[in-house]
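Written out below as structure tokens is the structure these notes cover.
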Amino acid sequence: MKFSRKSAATAGLVVAAALALSGCAGGGNGAAGGGDAGKSLVVDASFDLKTADPNRQYETTGSIVAKALYQTLLTFEGNDVTKPVDGLASYTMNPENTVMTLTLKPGAKFSDGSPVTVDDAVFSLTRVQGVKGNPSFLLDGVTVAKTGDDTLTLTSAEPNPALPFILPNPALSVVNKKVVEANGGSDTESDKAEAFLNKTSAGSGPYKLESFDAAKQVVLTANPEYNGPRPAYSRVVLRNVAGPTQKLNVEKGESQVALDLNPDQVAELAGSKVKITSDPSRYMIFLLLNQNKDVSQITSNPDFLKAVKLGIDYDKIVKMAGKGSVRPGGPIPSLFVGAVDAKQGNQRDVEAAKAALKASGYNGEKVTLNFPNDITVQGLSLQNVAEAVQAQLKDVGIDINLAPAPVATELDAYRNGTETVGLWYWGPDFPDASNYLVFSPGELVGLRAGWPAGADPKVTELANAAKAATGDARAAAYEAWQKELNASGPFVPLLQPAQSIVTAPSITSVTTNPVWTVDLALIK
Amino acid sequence: MRYVAIRLGLSVLLMFGVTVVTFILTNLVPADPVQAALGEQAAADPSIVAKFRADNGLDQPLVAQYFTYLNNVLHGNFGVSTQTRMPVADELASAVPATIELALAAIVFSTLIGIGLGLWAALKQRTIIDQVIRVVSLIGLSWPTFWLALVVYYVFFFVLGVFPGSGRLDPVSIAPPQVTGLYTVDSLIAGQWGTFWDAVYHLVLPASVLALYTIGLLTRFARSAVLEVLDLDYVKAATAKGLPRRTVVFGYVLRGALVPIITVLGLAFGALLSGTVLVEKVYSWHGLGEYSFAAATKLDLPAIMGVGLIVGFVYIGLNFLVDVLYGVIDPRVRVA
């Protein structure tokens, strides 16, 4: 190969000059390109986004997006999740809580102008079941059927009083059947519409999808066919931004809403012009002590378990987690019907804890506490909570060895029930107390604590009673179950971290919700 | 030509080795991608878990998985992300140009400033200028990138307001039609001058932060390389002959010192491409660094292997380029 040194040098200089220009030159006002800045809303969030297909998404960011693009048959008003209200349909439930009849309300249209029909609703719900994705379990044991031109029924084999609380989940959004089917969609495992729905929305919600990139940003534009109140912003840019940058952006006015600031960052904003809304989140952080003797002789000892429950300084942990955090009295968060007041939960009593520890025969051995250290819960690092637990239990004589690990590797041990002591959190699948029955013996989370079916008949009996309870009796039944769980169960509910939303002074109203975090169409 | 062909052949062999090592290392991770990809309830449903394993080929023996993977890679198919269910090739096509644009801007900064400072320091050896440049280059090497990225963002965006916020473009801007994926280039191709300046404006802060480390590195290497050449007989002879100082410095000294500098430059560019994760995080750049970080923490095996291959390809490609450049700069290399 023969190189002309002169021409190579010349070409190199030209390239270098061009790149130097792109690297060195500044200027411009940064507001180039299209878009209507006056009506655009910029929202910064830390994405956990995977898809814009509403019937497959089951993540926090995915729910925000789906809520903006689609409508559900039932919904919640504002942040009140104790009472489901009409969405695309109204509903009645039979006295046995086995058959729910939904009647479609007229007037709703998809973004292509076609009306929302019962066929669309039936297709959407059966699609959630059929694609076997993360949210498919929401309708386990439910048969969906069209029963008239504007009615459908959801029939459950067993009483299912939680169904009205499940239907508002954005994963159960109604999609345009014709459009989705025309693009490879079906209500079976062979569904291929996800790629299409990542480019084009097929919903009746307040916005349409302009662009979607699961790693970068999602851009939404107002849907002129939406039958509800017109959103205040005609274009929304939802961006994936790291926490420290979110803070600076919203303070500077680069963005109008920051969704994922941690408690320290929120505290630093005191005195700033921004508005901070801090409410208890839906997440419940808890300790589990394994009851399987093969895993640990000491944590399966009832007196040791009692010592841990009495040794924790719950109020101190809540204070450490920042403003807006609260302590649940049991596993059910304070937001939901059936929650127990914090005063009725376990309380710290160092002397009683020491006595219980002595009775357990604990000889000072190190007890390993496993937790994921590369994730945060509403910005709160589990490392901080673990360190607080370690220090508090040291006061009563328990030697805790912290064993942090990446969530991808620690999940195996947690879900397989091999952790001695674990520090984890539970985000509700739907805002109903029945979602927390998984903390019972032999159930999903119970098994992770080495607590098989039959291990605690009293808790199981109360869990069954709560599951069967209807109407006003439900709250009392769930409270009774939690009190027994607090007394003898292997779980120690610690706190609900705050969900803090920071908004620029130009924003006058933000409506949060424990299920979909924030309704973008209601930001004013 | 033979020299280039041999180097090319070796590069292809190395790429094959990279696929083997990447595949083995990825599968040695003591964790189950099913747990990382599926939610609490879905991971407890055997039918959903079975479907996930079948969809992602995880129900096949490892050797079969490797050959399927190799065959797919040879056909340009890097697999499908277990997290987003999107083709990894498409995701890389979006992430890689962002990082290339950032790394190119940083390397140009670094080259111009780093070599210039190194040359100046060598020519002014043992003077105050030399001392200052050495201290400054050491500081450039010592600053933690994440801290520096935040401080620079805070000062120049938040306090002074002279540079824009995070991202590759203003939030209300629309990206130019993708040709190369480099916004500066694509906006010029589309004739969108406003978007071009917007993209350049957004590049300045992250590229400068990235460049600081490389400037420090190049300054020190250039200084020592030039000092070595300055002592050689042919340089002394050129000076003794009465050649102008500019000709001696740029025609004899710098040319002689370029071989080690280019070696470092190649490695530095590779490091920039694969090591931008912290800067990308602060500036919401969403390039290869962030993509690889997300893939690793979520145990997205196809994405991890895709990143491994790309980074391996970049290093091997750069080494190939550096080898060829040796031949251009020093004919003795070609002959050998």
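Chains: A, B, ... in order of the structure tokens. Residues: from 1 per chain. Ligands: from 1, in order shown.
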
Next item on the list: Could you give me, as a ChimeraX atom specification, the residues within 6 Å of Ile400 (chain A), counting only C-alpha atoms and dropping anything in the same chain fewer than 2 positions from it?
Entry: /A:366-368,390

Next item on the list: Skip Ala222 (chain B) itself and residues of its chain fewer than 5 positions away, then list as a list in words all residues within 7 Å of it, counting only C-alpha atoms.
Entry: Ile115, Gly118, Leu119 and Ile261 of chain B

Please identify which residues in region 138-357 of chain A DSSP calls strand (DSSP E or B) from the backbone, and express them as a CSV table (one decimal) with N, CA and C atoms, in the first residue's frame.
chain,number,residue,atom,x,y,z
A,142,VAL,N,-59.2,-15.5,36.2
A,142,VAL,CA,-60.3,-14.7,35.8
A,142,VAL,C,-60.7,-15.0,34.3
A,143,THR,N,-62.0,-15.2,34.0
A,143,THR,CA,-62.4,-15.5,32.7
A,143,THR,C,-63.1,-14.2,32.2
A,144,VAL,N,-62.6,-13.7,31.0
A,144,VAL,CA,-63.2,-12.5,30.5
A,144,VAL,C,-64.1,-12.9,29.3
A,145,ALA,N,-65.3,-12.3,29.3
A,145,ALA,CA,-66.3,-12.6,28.2
A,145,ALA,C,-67.1,-11.4,27.9
A,146,LYS,N,-67.4,-11.3,26.6
A,146,LYS,CA,-68.3,-10.3,26.1
A,146,LYS,C,-69.7,-10.8,26.3
A,151,THR,N,-71.4,-4.6,27.3
A,151,THR,CA,-71.1,-5.2,28.6
A,151,THR,C,-70.1,-6.4,28.4
A,152,LEU,N,-69.3,-6.5,29.4
A,152,LEU,CA,-68.5,-7.7,29.5
A,152,LEU,C,-68.4,-8.2,31.0
A,153,THR,N,-68.1,-9.4,31.2
A,153,THR,CA,-68.0,-9.9,32.6
A,153,THR,C,-66.6,-10.5,32.8
A,154,LEU,N,-66.2,-10.3,34.1
A,154,LEU,CA,-65.0,-11.0,34.6
A,154,LEU,C,-65.4,-12.0,35.6
A,155,THR,N,-65.2,-13.2,35.3
A,155,THR,CA,-65.7,-14.3,36.3
A,155,THR,C,-64.5,-14.9,36.9
A,156,SER,N,-64.5,-15.0,38.3
A,156,SER,CA,-63.4,-15.6,39.0
A,156,SER,C,-63.9,-16.9,39.6
A,207,TYR,N,-52.8,11.4,25.7
A,207,TYR,CA,-51.6,11.6,24.8
A,207,TYR,C,-51.5,10.5,23.8
A,208,LYS,N,-50.7,10.9,22.7
A,208,LYS,CA,-50.3,9.9,21.7
A,208,LYS,C,-48.7,9.8,21.8
A,209,LEU,N,-48.2,8.7,21.4
A,209,LEU,CA,-46.8,8.5,21.4
A,209,LEU,C,-46.1,9.2,20.2
A,210,GLU,N,-45.2,10.1,20.5
A,210,GLU,CA,-44.5,10.7,19.4
A,210,GLU,C,-43.2,10.0,19.1
A,211,SER,N,-42.4,9.7,20.2
A,211,SER,CA,-41.2,8.9,20.1
A,211,SER,C,-41.0,8.1,21.4
A,212,PHE,N,-40.3,7.0,21.2
A,212,PHE,CA,-40.0,6.1,22.4
A,212,PHE,C,-38.6,5.6,22.3
A,217,GLN,N,-35.5,8.7,26.2
A,217,GLN,CA,-36.6,9.6,26.5
A,217,GLN,C,-37.9,9.1,25.8
A,218,VAL,N,-39.0,9.6,26.3
A,218,VAL,CA,-40.3,9.3,25.7
A,218,VAL,C,-41.0,10.7,25.4
A,219,VAL,N,-41.4,10.9,24.2
A,219,VAL,CA,-42.1,12.1,23.9
A,219,VAL,C,-43.6,11.9,23.5
A,220,LEU,N,-44.4,12.6,24.2
A,220,LEU,CA,-45.9,12.4,24.0
A,220,LEU,C,-46.5,13.7,23.5
A,221,THR,N,-47.5,13.6,22.6
A,221,THR,CA,-48.2,14.8,22.2
A,221,THR,C,-49.7,14.6,22.4
A,222,ALA,N,-50.4,15.7,22.6
A,222,ALA,CA,-51.8,15.6,23.0
A,222,ALA,C,-52.6,14.8,22.0
A,235,ARG,N,-47.4,18.9,24.8
A,235,ARG,CA,-46.2,18.0,24.5
A,235,ARG,C,-45.5,17.7,25.8
A,236,VAL,N,-45.2,16.5,26.0
A,236,VAL,CA,-44.4,16.1,27.2
A,236,VAL,C,-43.2,15.4,26.8
A,237,VAL,N,-42.1,15.8,27.4
A,237,VAL,CA,-40.8,15.1,27.2
A,237,VAL,C,-40.4,14.5,28.5
A,238,LEU,N,-40.5,13.1,28.6
A,238,LEU,CA,-40.1,12.4,29.8
A,238,LEU,C,-38.7,11.9,29.5
A,239,ARG,N,-37.7,12.4,30.3
A,239,ARG,CA,-36.3,12.1,30.1
A,239,ARG,C,-35.7,11.2,31.2
A,240,ASN,N,-34.8,10.4,30.8
A,240,ASN,CA,-34.0,9.5,31.7
A,240,ASN,C,-32.8,10.3,32.2
A,257,VAL,N,-40.3,19.1,36.2
A,257,VAL,CA,-40.7,18.1,37.2
A,257,VAL,C,-39.5,17.1,37.4
A,258,ALA,N,-39.1,16.9,38.6
A,258,ALA,CA,-38.1,15.8,38.9
A,258,ALA,C,-38.8,14.8,39.8
A,275,LYS,N,-40.9,23.6,44.3
A,275,LYS,CA,-42.0,23.1,45.2
A,275,LYS,C,-41.7,21.6,45.4
A,276,ILE,N,-41.8,21.2,46.7
A,276,ILE,CA,-41.5,19.8,47.0
A,276,ILE,C,-42.8,19.2,47.6
A,277,THR,N,-43.2,18.0,47.0
A,277,THR,CA,-44.3,17.3,47.5
A,277,THR,C,-43.8,15.9,48.0
A,278,SER,N,-43.8,15.7,49.3
A,278,SER,CA,-43.3,14.4,49.8
A,278,SER,C,-44.5,13.7,50.5
A,279,ASP,N,-44.8,12.5,50.0
A,279,ASP,CA,-45.8,11.7,50.6
A,279,ASP,C,-45.3,10.3,50.8
A,280,PRO,N,-45.9,9.5,51.7
A,280,PRO,CA,-45.4,8.2,51.9
A,280,PRO,C,-45.6,7.4,50.6
A,284,MET,N,-42.9,-0.9,50.9
A,284,MET,CA,-42.7,-1.2,52.3
A,284,MET,C,-41.3,-2.0,52.4
A,285,ILE,N,-40.4,-1.4,53.2
A,285,ILE,CA,-39.1,-2.0,53.3
A,285,ILE,C,-39.2,-2.9,54.6
A,286,PHE,N,-38.7,-4.1,54.5
A,286,PHE,CA,-38.8,-5.0,55.6
A,286,PHE,C,-37.6,-5.9,55.8
A,287,LEU,N,-37.4,-6.5,57.0
A,287,LEU,CA,-36.4,-7.5,57.3
A,287,LEU,C,-37.1,-8.9,57.3
A,288,LEU,N,-36.4,-9.9,56.8
A,288,LEU,CA,-36.9,-11.2,57.0
A,288,LEU,C,-35.9,-12.1,57.7
A,289,LEU,N,-36.3,-12.9,58.6
A,289,LEU,CA,-35.4,-13.8,59.3
A,289,LEU,C,-35.8,-15.2,59.0
A,326,VAL,N,-42.9,7.2,56.4
A,326,VAL,CA,-43.7,6.8,57.6
A,326,VAL,C,-43.4,5.3,57.9

Notebook entry, point to check: Near Thr68 (chain B), within 10 Å and counting only C-alpha atoms, which residues show up once chain neighbours fewer than 5 positions away are dropped, as JSON, numbers by chain?
Noted result: {"B": [57, 60, 62, 63, 73, 79]}

Notebook entry, point to check: Taking only C-alpha atoms into account, which of B:Leu141, B:Val20, B:Val88, B:Val172 comes nearest chain A?
Noted result: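 Nearest to chain A: B:Val172.
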
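Atom pair CA of Val180 (chain A) / CA of Gln83 (chain B) has a distance of 21.8 Å (rounded to one decimal).
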
Checklist line | Straight-line distance linking CA of Ala307 (chain A) with CA of Val295 (chain A), stated in Å to one decimal | finding: 18.9 Å

Item checked: Pick from B:Gly216, B:Pro260, B:Gly17, B:Pro206 nearest to chain A, counting only C-alpha atoms ->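 Residue with the minimum atom-to-atom distance to chain A: B:Pro206.
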
Report as JSON lines the residues of region 29-112 of chain B within 8 Å of region 290-299 of chain B, each with its shortest atom pair and distance in Å (one decimal), using only C-alpha atoms, ordered by chain and increasing residue number.
{"residue": "B:Ala31", "atom": "CA", "partner": "B:Leu299", "partner_atom": "CA", "distance": 8.0}
{"residue": "B:Asp32", "atom": "CA", "partner": "B:Leu299", "partner_atom": "CA", "distance": 8.0}
{"residue": "B:Pro33", "atom": "CA", "partner": "B:Leu299", "partner_atom": "CA", "distance": 5.6}
{"residue": "B:Ala36", "atom": "CA", "partner": "B:Lys298", "partner_atom": "CA", "distance": 5.8}
{"residue": "B:Ala37", "atom": "CA", "partner": "B:Lys298", "partner_atom": "CA", "distance": 7.2}
{"residue": "B:Gln83", "atom": "CA", "partner": "B:Lys298", "partner_atom": "CA", "distance": 7.6}
{"residue": "B:Ala95", "atom": "CA", "partner": "B:Tyr291", "partner_atom": "CA", "distance": 6.9}

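The shortest atom-to-atom distance to Pro263 (chain A), with only C-alpha atoms taken into account, belongs to A:Val377 out of A:Pro164, A:Leu41, A:Leu197, A:Val377.
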
Notebook entry, point to check: Which residues, written as a list in words, have at least one atom at most 9 Å from Met93 (chain A), with only C-alpha atoms counted and residues fewer than 5 positions away on the same chain left out?
Noted result: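 Residues near the query, excluding close chain neighbours: Thr98, Val99, Met100, Thr101, Leu102, Pro161 and Pro164 of chain A.
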
Check: Could you name the residues that touch region 108-114 of chain A at 9 Å or less, counting only C-alpha atoms, but leaving out those on the same chain fewer than 6 positions away, as a PyMOL selection string?
Finding: chain A and resi 70+88+175-176+201-205+207-208+223-228

Written selection (C-alpha atoms) as a JSON list (two decimals), in the first residue's frame:
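Wrote out_25.json, looks like this:
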[["chain", "number", "residue", "atom", "x", "y", "z"],
["A", 70, "TYR", "CA", -54.23, 4.63, 27.41],
["A", 88, "LEU", "CA", -63.99, 3.58, 30.40],
["A", 175, "VAL", "CA", -55.83, -1.04, 23.25],
["A", 176, "ASN", "CA", -57.29, -0.65, 19.78],
["A", 201, "SER", "CA", -49.64, 4.11, 20.51],
["A", 202, "ALA", "CA", -53.07, 2.57, 19.97],
["A", 203, "GLY", "CA", -54.96, 4.02, 22.89],
["A", 204, "SER", "CA", -57.64, 6.47, 23.93],
["A", 205, "GLY", "CA", -55.66, 8.30, 26.61],
["A", 207, "TYR", "CA", -51.62, 11.64, 24.84],
["A", 208, "LYS", "CA", -50.27, 9.91, 21.75],
["A", 223, "ASN", "CA", -54.45, 13.23, 21.62],
["A", 224, "PRO", "CA", -57.18, 15.38, 20.01],
["A", 225, "GLU", "CA", -59.64, 12.47, 20.24],
["A", 226, "TYR", "CA", -59.35, 12.17, 24.03],
["A", 227, "ASN", "CA", -62.80, 12.42, 25.64],
["A", 228, "GLY", "CA", -61.57, 13.85, 28.95]]

Checklist line | Best match for closeness to Pro168 (chain A) among A:Ala463, A:Val396, A:Val85, A:Leu248, counting only C-alpha atoms | finding: A:Val85

Notebook entry, point to check: Quick one: residues within 12 Å of Val324 (chain B), only C-alpha atoms counted, chain neighbours fewer than 4 positions away excluded, as a list in words?
Noted result: Met1, Lys2 and Phe3 of chain A; Met1, Arg2, Tyr3, Val4, Ala5, Ile6, Arg7, Leu8, Val259, Ile262, Thr263, Gly266, Gly317, Leu318, Asn319, Phe320, Val328, Ile329, Asp330, Pro331, Val333 and Arg334 of chain B
